[in-house]
$ cat entry_26.cif   # mmCIF, C-alpha atoms and all ligand atoms
data_model
#
loop_
_atom_site.label_atom_id
_atom_site.label_comp_id
_atom_site.auth_asym_id
_atom_site.auth_seq_id
_atom_site.Cartn_x
_atom_site.Cartn_y
_atom_site.Cartn_z
CA MET A 1 202.95 -9.30 51.79
CA GLY A 2 204.65 -12.29 50.15
CA ALA A 3 207.84 -12.33 48.14
CA PRO A 4 207.72 -10.41 44.87
CA PRO A 5 206.90 -12.62 41.86
CA ILE A 6 209.92 -14.12 40.14
CA LYS A 7 210.55 -12.67 36.70
CA ARG A 8 209.96 -15.49 34.31
CA ARG A 9 211.57 -16.06 30.96
CA SER A 10 210.74 -18.82 28.49
CA PHE A 11 213.89 -18.72 26.36
CA GLY A 12 212.08 -18.39 23.09
CA VAL A 13 210.01 -21.58 23.24
CA PRO A 14 206.51 -20.69 22.18
CA HIS A 15 203.35 -22.39 23.44
CA ARG A 16 204.83 -23.15 26.87
CA ALA A 17 203.96 -21.32 30.02
CA PRO A 18 207.07 -19.43 31.12
CA GLY A 19 208.57 -20.76 34.33
CA SER A 20 211.32 -19.45 36.55
CA PRO A 21 214.56 -20.59 35.02
CA ALA A 22 217.75 -20.32 36.97
CA ARG A 23 219.48 -21.35 33.78
CA GLY A 24 218.94 -21.18 30.04
CA PRO A 25 218.89 -24.24 27.76
CA ARG A 26 222.56 -23.89 26.90
CA GLN A 27 223.71 -24.67 30.41
CA TYR A 28 221.90 -28.00 30.30
CA LEU A 29 222.97 -28.93 26.81
CA THR A 30 226.69 -29.22 27.34
CA GLY A 31 226.90 -33.03 27.39
CA ARG A 32 228.25 -34.98 24.43
CA GLN A 33 225.97 -35.32 21.46
CA ILE A 34 224.21 -38.67 21.27
CA LYS A 35 225.11 -40.35 18.02
CA TYR A 36 223.95 -43.61 16.51
CA TYR A 37 226.46 -46.30 17.40
CA ARG A 38 227.21 -48.85 14.66
CA PRO A 39 228.26 -52.34 15.75
CA THR A 40 231.37 -53.70 14.03
CA GLY A 41 231.46 -57.30 15.22
CA HIS A 42 234.17 -56.79 17.81
CA ALA A 43 235.98 -60.06 18.68
CA ALA A 44 236.44 -59.10 22.35
CA ILE A 45 232.68 -58.63 22.76
CA ARG A 46 232.01 -62.00 21.15
CA SER A 47 234.48 -63.60 23.53
CA LEU A 48 232.85 -61.89 26.53
CA ILE A 49 229.43 -63.19 25.44
CA ASP A 50 230.72 -66.71 24.71
CA ASP A 51 232.98 -67.18 27.71
CA GLY A 52 232.12 -64.49 30.25
CA PHE A 53 228.32 -64.40 30.14
CA GLN A 54 227.63 -67.74 31.80
CA ALA A 55 224.70 -67.51 34.16
CA PHE A 56 221.61 -65.53 35.14
CA ASN A 57 220.68 -62.86 32.63
CA ALA A 58 224.16 -62.76 31.17
CA GLY A 59 223.61 -66.42 30.41
CA ARG A 60 220.22 -65.66 28.85
CA LEU A 61 221.72 -62.93 26.69
CA SER A 62 224.46 -65.30 25.56
CA GLU A 63 221.75 -67.83 24.71
CA ALA A 64 219.84 -65.18 22.75
CA CYS A 65 222.97 -64.33 20.77
CA HIS A 66 223.48 -68.00 19.89
CA ILE A 67 219.87 -68.61 18.90
CA PHE A 68 220.06 -65.57 16.63
CA ALA A 69 223.52 -65.96 15.14
CA ASP A 70 223.63 -69.76 14.88
CA LYS A 71 220.03 -70.64 14.09
CA MET A 72 217.91 -67.72 12.94
CA LEU A 73 220.61 -66.46 10.57
CA ALA A 74 221.58 -69.91 9.29
CA PRO A 75 220.93 -69.89 5.53
CA LYS A 76 219.21 -73.32 5.62
CA ASN A 77 216.53 -71.93 7.94
CA ASP A 78 215.79 -68.88 5.77
CA THR A 79 214.05 -67.26 8.75
CA THR A 80 211.90 -64.19 8.23
CA ILE A 81 212.93 -61.99 11.13
CA GLY A 82 210.90 -59.19 12.68
CA LEU A 83 212.40 -56.69 15.11
CA THR A 84 210.01 -55.02 17.53
CA VAL A 85 211.07 -51.88 19.35
CA ALA A 86 209.57 -50.30 22.48
CA GLY A 87 211.24 -48.19 25.11
CA ALA A 88 213.10 -45.02 24.19
CA MET A 89 215.69 -46.69 21.99
CA THR A 90 216.35 -44.09 19.28
CA PRO A 91 216.72 -41.25 21.79
CA ALA A 92 219.33 -43.41 23.55
CA GLY A 93 221.29 -43.79 20.30
CA LEU A 94 220.38 -47.37 19.35
CA GLY A 95 219.24 -46.48 15.84
CA GLY A 96 222.73 -47.26 14.50
CA CYS A 97 222.37 -50.89 15.60
CA ILE A 98 219.06 -51.14 13.75
CA ILE A 99 220.49 -49.51 10.60
CA GLU A 100 223.52 -51.83 10.57
CA MET A 101 221.35 -54.92 11.03
CA MET A 102 218.93 -53.82 8.28
CA GLU A 103 221.77 -53.13 5.86
CA ARG A 104 223.15 -56.60 6.47
CA GLY A 105 219.75 -58.19 5.91
CA LEU A 106 219.65 -59.45 9.51
CA PHE A 107 216.17 -58.01 10.14
CA ASP A 108 213.49 -58.20 7.46
CA PHE A 109 210.86 -55.91 8.93
CA LEU A 110 210.43 -53.60 11.84
CA ILE A 111 207.53 -52.87 14.20
CA SER A 112 208.15 -49.88 16.42
CA THR A 113 206.39 -47.48 18.71
CA GLY A 114 205.73 -44.22 16.90
CA ALA A 115 207.94 -42.46 19.45
CA ASN A 116 211.06 -44.29 18.30
CA LEU A 117 210.35 -43.38 14.70
CA TYR A 118 209.52 -39.79 15.60
CA HIS A 119 212.70 -39.34 17.64
CA ASP A 120 214.67 -40.95 14.83
CA LEU A 121 213.63 -38.00 12.67
CA HIS A 122 215.68 -35.67 14.88
CA TYR A 123 218.80 -37.49 13.70
CA ALA A 124 217.67 -37.29 10.06
CA LEU A 125 217.03 -33.57 10.41
CA ASN A 126 220.38 -33.03 12.12
CA PHE A 127 219.01 -31.90 15.47
CA GLN A 128 221.09 -32.72 18.48
CA LEU A 129 220.21 -34.86 21.48
CA ARG A 130 222.69 -34.71 24.33
CA ARG A 131 223.95 -36.78 27.20
CA GLY A 132 222.74 -35.40 30.52
CA SER A 133 221.70 -36.52 33.96
CA PRO A 134 218.50 -38.09 35.29
CA PHE A 135 218.87 -35.99 38.45
CA LEU A 136 217.90 -32.54 37.26
CA ASP A 137 215.17 -30.20 38.43
CA ASP A 138 212.45 -30.74 35.86
CA ARG A 139 210.70 -27.49 36.77
CA ASP A 140 213.86 -25.69 35.83
CA LEU A 141 214.23 -27.74 32.65
CA TYR A 142 210.66 -26.89 31.71
CA ALA A 143 211.26 -23.21 32.20
CA ALA A 144 214.52 -23.38 30.30
CA GLY A 145 212.83 -25.14 27.39
CA VAL A 146 214.69 -28.41 27.74
CA ILE A 147 213.09 -31.84 27.26
CA ARG A 148 214.30 -34.83 29.27
CA ILE A 149 214.01 -38.54 28.47
CA TYR A 150 215.65 -39.99 31.58
CA ASP A 151 219.20 -38.68 31.02
CA VAL A 152 218.80 -37.61 27.38
CA LEU A 153 218.34 -33.87 26.96
CA PHE A 154 217.39 -31.70 24.02
CA PRO A 155 215.79 -28.33 23.46
CA ALA A 156 212.01 -28.21 23.10
CA THR A 157 212.57 -26.44 19.78
CA VAL A 158 213.69 -29.83 18.41
CA LEU A 159 210.12 -31.06 18.91
CA LEU A 160 208.63 -27.97 17.33
CA GLU A 161 210.93 -28.06 14.31
CA THR A 162 210.53 -31.82 13.81
CA ASP A 163 206.75 -31.35 13.95
CA GLU A 164 207.00 -28.53 11.43
CA TYR A 165 208.91 -30.82 9.08
CA ILE A 166 206.25 -33.55 9.48
CA ARG A 167 203.42 -31.12 8.72
CA ALA A 168 205.24 -29.78 5.64
CA PHE A 169 205.85 -33.36 4.51
CA LEU A 170 202.18 -34.27 4.97
CA LYS A 171 201.21 -31.37 2.74
CA ARG A 172 203.92 -32.04 0.13
CA SER A 173 203.17 -35.76 -0.04
CA GLY A 174 199.62 -35.24 -1.27
CA MET A 175 198.66 -38.48 0.53
CA ASN A 176 194.94 -38.28 1.12
CA GLY A 177 193.36 -41.56 2.09
CA PRO A 178 194.03 -44.73 4.05
CA VAL A 179 197.61 -46.00 3.85
CA SER A 180 199.48 -48.70 5.70
CA SER A 181 202.11 -47.46 8.11
CA SER A 182 204.75 -49.17 5.94
CA GLU A 183 203.63 -47.06 2.98
CA PHE A 184 203.57 -43.93 5.15
CA HIS A 185 207.11 -44.48 6.44
CA TYR A 186 208.34 -45.30 2.94
CA ARG A 187 206.99 -41.99 1.63
CA LEU A 188 208.44 -40.20 4.64
CA CYS A 189 211.82 -41.75 3.88
CA LEU A 190 211.77 -40.63 0.25
CA ASP A 191 210.94 -37.11 1.37
CA LEU A 192 213.70 -37.06 3.98
CA ILE A 193 216.29 -38.15 1.44
CA LYS A 194 215.09 -35.51 -1.00
CA GLN A 195 215.05 -32.73 1.58
CA ARG A 196 218.21 -33.82 3.45
CA PRO A 197 220.42 -35.83 1.08
CA GLY A 198 222.72 -38.15 2.99
CA CYS A 199 220.51 -38.33 6.06
CA GLU A 200 219.93 -42.05 5.46
CA GLU A 201 223.31 -42.67 7.10
CA TYR A 202 221.87 -41.36 10.36
CA SER A 203 218.24 -42.35 10.38
CA VAL A 204 216.43 -45.67 10.61
CA VAL A 205 213.35 -44.32 8.81
CA ALA A 206 215.43 -42.75 6.04
CA ARG A 207 217.56 -45.87 5.56
CA ALA A 208 214.80 -48.46 5.53
CA ALA A 209 213.21 -47.58 2.19
CA ALA A 210 216.31 -48.13 0.05
CA LEU A 211 216.77 -51.48 1.77
CA GLY A 212 213.15 -52.49 1.18
CA VAL A 213 212.57 -52.99 4.93
CA PRO A 214 208.95 -52.20 5.80
CA ILE A 215 208.43 -50.26 9.02
CA TYR A 216 205.17 -50.62 10.90
CA THR A 217 203.91 -48.81 13.93
CA SER A 218 201.47 -50.62 16.16
CA SER A 219 199.72 -47.57 17.62
CA PRO A 220 199.79 -44.82 15.00
CA GLY A 221 197.87 -42.26 17.06
CA ASP A 222 200.18 -42.62 20.04
CA SER A 223 203.14 -40.50 18.97
CA SER A 224 204.03 -37.05 17.69
CA ILE A 225 203.80 -38.36 14.12
CA GLY A 226 200.19 -39.39 14.80
CA MET A 227 199.53 -36.09 16.55
CA ASN A 228 200.57 -34.19 13.41
CA ILE A 229 198.48 -36.44 11.16
CA ALA A 230 195.48 -35.64 13.38
CA TRP A 231 196.25 -31.91 13.04
CA HIS A 232 196.43 -32.30 9.25
CA GLU A 233 192.95 -33.84 9.21
CA LEU A 234 191.30 -31.19 11.35
CA MET A 235 193.10 -28.14 10.01
CA ASN A 236 193.56 -29.04 6.34
CA GLY A 237 190.57 -31.33 5.84
CA SER A 238 192.92 -34.16 4.87
CA ASN A 239 191.61 -37.71 4.69
CA LEU A 240 195.03 -39.22 5.22
CA MET A 241 194.95 -41.91 7.84
CA ILE A 242 197.14 -44.81 8.83
CA ASP A 243 194.80 -47.75 8.44
CA PRO A 244 195.57 -50.43 11.05
CA ASN A 245 193.70 -53.06 9.01
CA LEU A 246 196.22 -52.69 6.21
CA ASP A 247 199.04 -53.15 8.71
CA VAL A 248 197.47 -56.19 10.36
CA ASN A 249 197.08 -57.90 6.97
CA GLU A 250 200.54 -56.95 5.70
CA VAL A 251 202.30 -58.26 8.81
CA CYS A 252 200.17 -61.38 8.68
CA ALA A 253 201.00 -61.92 5.00
CA ILE A 254 204.72 -61.52 5.71
CA ILE A 255 204.54 -64.12 8.47
CA LEU A 256 202.53 -66.52 6.30
CA ALA A 257 205.22 -66.34 3.62
CA GLY A 258 208.08 -67.06 6.05
CA LYS A 259 209.68 -70.50 5.73
CA LYS A 260 210.53 -70.06 9.39
CA ASN A 261 209.57 -67.07 11.50
CA GLY A 262 211.40 -65.45 14.36
CA CYS A 263 211.44 -62.23 16.29
CA VAL A 264 213.70 -60.10 18.38
CA ILE A 265 211.60 -58.13 20.85
CA LEU A 266 213.05 -55.07 22.55
CA GLY A 267 211.05 -54.10 25.64
CA GLY A 268 207.60 -55.32 24.82
CA GLY A 269 204.60 -52.97 24.59
CA SER A 270 202.25 -52.90 21.64
CA PRO A 271 204.94 -53.71 19.01
CA LYS A 272 205.49 -57.07 20.71
CA ASN A 273 201.86 -58.09 20.40
CA PHE A 274 201.48 -56.58 16.95
CA TYR A 275 204.15 -58.99 15.78
CA LEU A 276 203.02 -62.01 17.78
CA GLN A 277 199.33 -61.66 16.89
CA GLY A 278 200.24 -62.49 13.30
CA GLN A 279 200.08 -66.22 14.08
CA PRO A 280 196.64 -66.13 15.82
CA THR A 281 195.37 -63.90 13.00
CA LEU A 282 196.30 -66.73 10.67
CA TRP A 283 194.85 -69.71 12.57
CA GLU A 284 192.06 -68.06 14.54
CA VAL A 285 190.71 -65.61 11.98
CA TYR A 286 191.85 -66.72 8.52
CA GLY A 287 191.73 -70.42 9.39
CA ILE A 288 195.29 -71.02 8.12
CA PRO A 289 197.32 -73.24 10.48
CA LYS A 290 200.82 -71.81 10.24
CA GLY A 291 202.08 -73.40 13.45
CA GLY A 292 203.48 -70.48 15.46
CA ASN A 293 206.84 -68.75 15.63
CA ASP A 294 209.98 -70.80 15.35
CA TYR A 295 212.24 -68.42 17.27
CA PHE A 296 211.51 -65.90 20.00
CA ILE A 297 214.03 -63.60 21.63
CA GLN A 298 213.03 -60.88 24.06
CA ILE A 299 215.11 -58.37 25.97
CA THR A 300 213.01 -56.68 28.59
CA THR A 301 212.86 -55.13 32.02
CA ASP A 302 209.26 -56.30 32.43
CA GLN A 303 208.16 -59.23 34.57
CA VAL A 304 205.85 -62.15 34.03
CA VAL A 305 204.18 -61.80 37.46
CA TRP A 306 202.03 -58.79 36.48
CA GLY A 307 200.17 -60.77 33.86
CA GLY A 308 200.73 -58.19 31.14
CA LEU A 309 201.71 -59.00 27.58
CA SER A 310 205.04 -57.18 27.81
CA GLY A 311 206.25 -59.60 30.49
CA ALA A 312 204.60 -62.72 29.08
CA THR A 313 207.01 -65.56 28.38
CA PRO A 314 207.38 -67.52 25.13
CA SER A 315 205.91 -70.48 27.00
CA GLU A 316 202.69 -68.56 27.69
CA ALA A 317 202.62 -67.57 24.02
CA VAL A 318 202.47 -71.28 23.10
CA SER A 319 198.93 -71.58 24.42
CA TRP A 320 197.87 -68.81 22.04
CA GLY A 321 199.45 -70.47 19.04
CA LYS A 322 201.93 -67.61 18.86
CA VAL A 323 204.94 -69.84 19.43
CA ASN A 324 205.41 -73.34 18.07
CA PRO A 325 205.29 -75.73 21.09
CA GLY A 326 208.06 -77.83 19.59
CA VAL A 327 210.64 -75.05 19.63
CA LEU A 328 210.72 -73.80 23.23
CA PRO A 329 214.49 -74.35 23.44
CA ASP A 330 214.80 -71.77 20.66
CA THR A 331 213.10 -69.11 22.73
CA VAL A 332 214.64 -66.96 25.44
CA VAL A 333 213.95 -63.89 27.53
CA ALA A 334 216.91 -61.88 28.83
CA TYR A 335 215.90 -59.58 31.65
CA ALA A 336 218.11 -56.62 30.90
CA ASP A 337 218.12 -53.02 29.81
CA SER A 338 218.01 -53.06 26.00
CA THR A 339 220.34 -50.07 25.85
CA ILE A 340 223.04 -52.38 27.21
CA ALA A 341 221.99 -55.75 25.85
CA PHE A 342 220.98 -54.85 22.29
CA PRO A 343 224.32 -53.32 21.17
CA LEU A 344 226.08 -56.40 22.59
CA PHE A 345 223.62 -58.65 20.78
CA CYS A 346 224.22 -56.81 17.49
CA GLU A 347 228.01 -56.92 17.94
CA TYR A 348 227.71 -60.67 18.33
CA ALA A 349 225.63 -61.07 15.18
CA VAL A 350 227.74 -58.73 13.07
CA GLY A 351 230.92 -60.59 14.06
CA GLY A 352 229.37 -64.01 13.41
CA LYS A 353 229.58 -66.52 10.60
CA TRP A 354 226.39 -65.32 8.94
CA SER A 355 226.83 -61.61 9.37
CA THR A 356 225.09 -60.72 6.13
CA ARG A 357 222.07 -62.21 4.41
CA LYS A 358 220.38 -61.52 1.12
CA ARG A 359 217.81 -58.85 1.92
CA LYS A 360 214.23 -59.99 1.48
CA GLU A 361 213.06 -56.48 0.49
CA LEU A 362 209.59 -57.28 1.77
CA PHE A 363 208.34 -53.75 1.25
CA HIS A 364 208.23 -54.34 -2.50
CA LYS A 365 206.61 -57.76 -2.18
CA ARG A 366 203.63 -56.71 -0.09
CA GLU A 367 201.05 -56.94 -2.86
CA ALA A 368 202.03 -60.46 -3.87
CA LEU A 369 202.14 -61.55 -0.22
CA LEU A 370 198.68 -60.10 0.42
CA ALA A 371 197.32 -61.85 -2.68
CA GLU A 372 198.63 -65.17 -1.31
CA LEU A 373 197.06 -64.48 2.10
CA LYS A 374 193.75 -63.74 0.41
CA LYS A 375 193.96 -66.89 -1.70
CA GLN A 376 194.76 -69.14 1.26
CA GLY A 377 192.20 -67.30 3.40
CA ALA A 378 189.48 -67.92 0.79
CA GLY A 379 190.40 -71.61 0.62
CA ALA A 380 190.26 -71.94 4.39
CA HIS A 381 186.93 -70.09 4.50
CA LYS A 382 185.40 -72.52 1.98
CA LYS A 383 186.67 -75.47 3.99
CA ARG A 384 185.21 -74.03 7.19
CA ALA A 385 181.84 -73.39 5.51
CA LYS A 386 181.78 -76.95 4.18
CA LEU A 387 182.57 -78.36 7.60
CA ALA A 388 179.84 -76.23 9.18
CA ARG A 389 177.34 -77.44 6.58
CA GLY A 390 178.37 -81.03 7.29
CA ALA A 391 177.92 -80.52 11.01
CA SER A 392 174.42 -79.10 10.72
N1 LIG B 401 206.49 -37.80 21.56
C1 LIG B 401 206.16 -39.04 21.27
O1 LIG B 401 205.89 -39.35 20.14
C2 LIG B 401 206.14 -40.10 22.35
C3 LIG B 401 207.06 -40.07 23.37
C4 LIG B 401 207.09 -41.12 24.30
C5 LIG B 401 206.18 -42.18 24.19
N2 LIG B 401 205.27 -42.18 23.17
C6 LIG B 401 204.35 -43.34 23.00
O2 LIG B 401 204.08 -43.97 24.23
C7 LIG B 401 203.91 -45.39 24.04
C8 LIG B 401 204.77 -46.17 25.03
O3 LIG B 401 206.12 -46.16 24.62
P1 LIG B 401 207.38 -46.69 25.37
O4 LIG B 401 208.38 -46.90 24.31
O5 LIG B 401 207.74 -45.76 26.46
O6 LIG B 401 207.00 -48.14 25.88
P2 LIG B 401 206.41 -48.71 27.24
O7 LIG B 401 206.63 -47.82 28.39
O8 LIG B 401 205.03 -49.18 26.91
O9 LIG B 401 207.37 -49.96 27.43
C9 LIG B 401 207.11 -51.20 26.83
C10 LIG B 401 207.86 -52.28 27.55
O10 LIG B 401 209.25 -52.16 27.31
C11 LIG B 401 209.99 -52.31 28.51
N3 LIG B 401 211.15 -51.41 28.44
C12 LIG B 401 211.12 -50.06 28.38
N4 LIG B 401 212.37 -49.59 28.35
C13 LIG B 401 213.20 -50.66 28.37
C14 LIG B 401 214.61 -50.81 28.37
N5 LIG B 401 215.44 -49.76 28.36
N6 LIG B 401 215.11 -52.06 28.37
C15 LIG B 401 214.30 -53.15 28.39
N7 LIG B 401 212.96 -53.06 28.42
C16 LIG B 401 212.42 -51.83 28.42
C17 LIG B 401 209.03 -51.94 29.63
O11 LIG B 401 209.32 -52.70 30.77
C18 LIG B 401 207.68 -52.29 29.06
O12 LIG B 401 207.32 -53.59 29.40
C19 LIG B 401 204.26 -45.67 22.58
O13 LIG B 401 203.08 -45.88 21.85
C20 LIG B 401 204.98 -44.43 22.13
O14 LIG B 401 204.84 -44.18 20.74
C21 LIG B 401 205.24 -41.14 22.26
#
$ encode --input "entry_26.cif" --output "structure tokens"
Amino acid sequence: MGAPPIKRRSFGVPHRAPGSPARGPRQYLTGRQIKYYRPTGHAAIRSLIDDGFQAFNAGRLSEACHIFADKMLAPKNDTTIGLTVAGAMTPAGLGGCIIEMMERGLFDFLISTGANLYHDLHYALNFQLRRGSPFLDDRDLYAAGVIRIYDVLFPATVLLETDEYIRAFLKRSGMNGPVSSSEFHYRLCLDLIKQRPGCEEYSVVARAAALGVPIYTSSPGDSSIGMNIAWHELMNGSNLMIDPNLDVNEVCAIILAGKKNGCVILGGGSPKNFYLQGQPTLWEVYGIPKGGNDYFIQITTDQVVWGGLSGATPSEAVSWGKVNPGVLPDTVVAYADSTIAFPLFCEYAVGGKWSTRKRKELFHKREALLAELKKQGAGAHKKRAKLARGAS
């Protein structure tokens, strides 16, 4: 006869098989609450980056800070700047950096994994994520109803309650057809502010709408937001869907309109390509030679040797027409953990000479930008057809 079965408790988390917890969720959730950190432009950090970060990846990060603060933000360049976000940045508390930079007009649009936007909603809804340890027994966490993202811990009920909010929003919104992800996030923002006044101080999604910063997600089905939209379709017969074609064209139209274009890429993943493909969409598909990005900054832990897009260098992007071949000195990859490098980068920009810019409010200009893309696309199409006729 074996040992008697362990009495299992699930600590009130439905839909999860009960495990064998030695502890309840409260014992794990004693670490400090993770809050969004706002950069203030600290002089000591600027001095560290200028004088202390001299070589290797410290040197690359210093270079990135200079390209951004001295060139991309320079008023004469009027650069349209996209921020792309992969990796678990909002769970780690980096949303405050994004909010600060958006408020100051230092980023004009955002492309993010759905996960970062989903986890940002926890902050808007006032749920708490906590500092923990990466060295815990995950079987015990599972049984105790605690979710772990490396060393970030929070109760599984946060997921369930955030999902409940999303489903209620989907119903309330009445949206029932194809929308761009920028439109979807804008509507989500308005709802958040209505339901939780003041939450825009603590949430990237909730803050972006008032600032006119469009937020795109490159893989809408690949997050808990997408999972709830799928539920809404099957269970409520909704026809709401995030239409990637709308997103591809909007991002492309934004890039076409940029006097100069530049990006700050955190991690890599699909947001990186979704931004960079804007240039090939223009020359390869629409037939509009825009010339490639003028600035390219990436902070990543990925490597070029695997051949994947996340680790691909700006130099490789030149061959695709994603980066202007004449500007390679204005491109840099810092191999670093974004949770360390990005707050430093933002501190540097916020403390710099051009620490605020007039916001472009691209969200409200999307229709005009799309009309221009269509006009130029039609012109290029005619030219191509004429050339083809001439050749035959
Ligand atoms: N519940 C959810 O909604 C949920 C949760 C997690 C992930 N997801 C989905 O899974 C997909 C993958 O997401 P992901 O964010 O884990 O990206 P990912 O694992 O694809 O990472 C992308 C790149 O970023 C780099 N990277 C990751 N963390 C980094 C860091 N701290 N510093 C520097 N570089 C870093 C990696 O090396 C990689 O090259 C997304 O589509 C996301 O929406 C959904």
$ residues_near_ligand --input "entry_26.cif" --ligand "ligand LIG 401 (chain B)" --cutoff "9 Å" --atoms "only C-alpha atoms and all ligand atoms" --output "PDB file with C-alpha atoms, in the coordinates of the input"
ATOM      1  CA  VAL A  85     211.070 -51.880  19.350  1.00  0.00           C
ATOM      2  CA  ALA A  86     209.570 -50.300  22.480  1.00  0.00           C
ATOM      3  CA  GLY A  87     211.240 -48.190  25.110  1.00  0.00           C
ATOM      4  CA  ALA A  88     213.100 -45.020  24.190  1.00  0.00           C
ATOM      5  CA  MET A  89     215.690 -46.690  21.990  1.00  0.00           C
ATOM      6  CA  ALA A  92     219.330 -43.410  23.550  1.00  0.00           C
ATOM      7  CA  SER A 112     208.150 -49.880  16.420  1.00  0.00           C
ATOM      8  CA  THR A 113     206.390 -47.480  18.710  1.00  0.00           C
ATOM      9  CA  GLY A 114     205.730 -44.220  16.900  1.00  0.00           C
ATOM     10  CA  ALA A 115     207.940 -42.460  19.450  1.00  0.00           C
ATOM     11  CA  ASN A 116     211.060 -44.290  18.300  1.00  0.00           C
ATOM     12  CA  LEU A 117     210.350 -43.380  14.700  1.00  0.00           C
ATOM     13  CA  TYR A 118     209.520 -39.790  15.600  1.00  0.00           C
ATOM     14  CA  HIS A 119     212.700 -39.340  17.640  1.00  0.00           C
ATOM     15  CA  ILE A 149     214.010 -38.540  28.470  1.00  0.00           C
ATOM     16  CA  LEU A 159     210.120 -31.060  18.910  1.00  0.00           C
ATOM     17  CA  THR A 217     203.910 -48.810  13.930  1.00  0.00           C
ATOM     18  CA  SER A 218     201.470 -50.620  16.160  1.00  0.00           C
ATOM     19  CA  SER A 219     199.720 -47.570  17.620  1.00  0.00           C
ATOM     20  CA  PRO A 220     199.790 -44.820  15.000  1.00  0.00           C
ATOM     21  CA  GLY A 221     197.870 -42.260  17.060  1.00  0.00           C
ATOM     22  CA  ASP A 222     200.180 -42.620  20.040  1.00  0.00           C
ATOM     23  CA  SER A 223     203.140 -40.500  18.970  1.00  0.00           C
ATOM     24  CA  SER A 224     204.030 -37.050  17.690  1.00  0.00           C
ATOM     25  CA  ILE A 225     203.800 -38.360  14.120  1.00  0.00           C
ATOM     26  CA  GLY A 226     200.190 -39.390  14.800  1.00  0.00           C
ATOM     27  CA  MET A 227     199.530 -36.090  16.550  1.00  0.00           C
ATOM     28  CA  LEU A 266     213.050 -55.070  22.550  1.00  0.00           C
ATOM     29  CA  GLY A 267     211.050 -54.100  25.640  1.00  0.00           C
ATOM     30  CA  GLY A 268     207.600 -55.320  24.820  1.00  0.00           C
ATOM     31  CA  GLY A 269     204.600 -52.970  24.590  1.00  0.00           C
ATOM     32  CA  SER A 270     202.250 -52.900  21.640  1.00  0.00           C
ATOM     33  CA  PRO A 271     204.940 -53.710  19.010  1.00  0.00           C
ATOM     34  CA  LYS A 272     205.490 -57.070  20.710  1.00  0.00           C
ATOM     35  CA  GLN A 298     213.030 -60.880  24.060  1.00  0.00           C
ATOM     36  CA  ILE A 299     215.110 -58.370  25.970  1.00  0.00           C
ATOM     37  CA  THR A 300     213.010 -56.680  28.590  1.00  0.00           C
ATOM     38  CA  THR A 301     212.860 -55.130  32.020  1.00  0.00           C
ATOM     39  CA  ASP A 302     209.260 -56.300  32.430  1.00  0.00           C
ATOM     40  CA  GLN A 303     208.160 -59.230  34.570  1.00  0.00           C
ATOM     41  CA  GLY A 308     200.730 -58.190  31.140  1.00  0.00           C
ATOM     42  CA  LEU A 309     201.710 -59.000  27.580  1.00  0.00           C
ATOM     43  CA  SER A 310     205.040 -57.180  27.810  1.00  0.00           C
ATOM     44  CA  GLY A 311     206.250 -59.600  30.490  1.00  0.00           C
ATOM     45  CA  TYR A 335     215.900 -59.580  31.650  1.00  0.00           C
ATOM     46  CA  ALA A 336     218.110 -56.620  30.900  1.00  0.00           C
ATOM     47  CA  ASP A 337     218.120 -53.020  29.810  1.00  0.00           C
ATOM     48  CA  SER A 338     218.010 -53.060  26.000  1.00  0.00           C
ATOM     49  CA  THR A 339     220.340 -50.070  25.850  1.00  0.00           C
ATOM     50  CA  ILE A 340     223.040 -52.380  27.210  1.00  0.00           C
ATOM     51  CA  ALA A 341     221.990 -55.750  25.850  1.00  0.00           C
ATOM     52  CA  PHE A 342     220.980 -54.850  22.290  1.00  0.00           C
TER      53      PHE A 342
END
$ residues_around --input "entry_26.cif" --residues "Cys65 of chain A" --least-positions-apart "5" --cutoff "8 Å" --atoms "all atoms listed in the file" --output "PDB file with C-alpha atoms, keeping the file's coordinate frame"
ATOM      1  CA  PHE A 345     223.620 -58.650  20.780  1.00  0.00           C
ATOM      2  CA  TYR A 348     227.710 -60.670  18.330  1.00  0.00           C
ATOM      3  CA  ALA A 349     225.630 -61.070  15.180  1.00  0.00           C
TER       4      ALA A 349
END
$ atom_distance --input "entry_26.cif" --atom1 "atom CA of Trp283 of chain A" --atom2 "atom CA of Lys360 of chain A"
24.4 Å
$ atom_distance --input "entry_26.cif" --atom1 "atom CA of Arg38 of chain A" --atom2 "atom CA of Tyr202 of chain A"
10.2 Å
$ axis_aligned_box --input "entry_26.cif" --around "segment 361-375 of chain A" --padding-each-side "6 Å" --output "AutoDock Vina command-line options"
--center_x 203.4 --center_y -60.3 --center_z -0.9 --size_x 31.3 --size_y 25.1 --size_z 18.0
$ closest_residue --input "entry_26.cif" --among "A:Ile98, A:Leu240, A:Ala257, A:Ile265" --to "Val204 of chain A" --atoms "only C-alpha atoms"
A:Ile98
$ residues_around --input "entry_26.cif" --residues "segment 42-54 of chain A" --least-positions-apart "5" --cutoff "10 Å" --atoms "all atoms listed in the file" --output "ChimeraX atom specification"
/A:59-63,65-66,344-352
$ write_last_selection --input "entry_26.cif" --atoms "C-alpha atoms" --output "short mmCIF file (atom, residue, chain, number, x, y, z; two decimals), in the coordinates of the input"
data_model
loop_
_atom_site.label_atom_id
_atom_site.label_comp_id
_atom_site.auth_asym_id
_atom_site.auth_seq_id
_atom_site.Cartn_x
_atom_site.Cartn_y
_atom_site.Cartn_z
CA GLY A 59 223.61 -66.42 30.41
CA ARG A 60 220.22 -65.66 28.85
CA LEU A 61 221.72 -62.93 26.69
CA SER A 62 224.46 -65.30 25.56
CA GLU A 63 221.75 -67.83 24.71
CA CYS A 65 222.97 -64.33 20.77
CA HIS A 66 223.48 -68.00 19.89
CA LEU A 344 226.08 -56.40 22.59
CA PHE A 345 223.62 -58.65 20.78
CA CYS A 346 224.22 -56.81 17.49
CA GLU A 347 228.01 -56.92 17.94
CA TYR A 348 227.71 -60.67 18.33
CA ALA A 349 225.63 -61.07 15.18
CA VAL A 350 227.74 -58.73 13.07
CA GLY A 351 230.92 -60.59 14.06
CA GLY A 352 229.37 -64.01 13.41
#
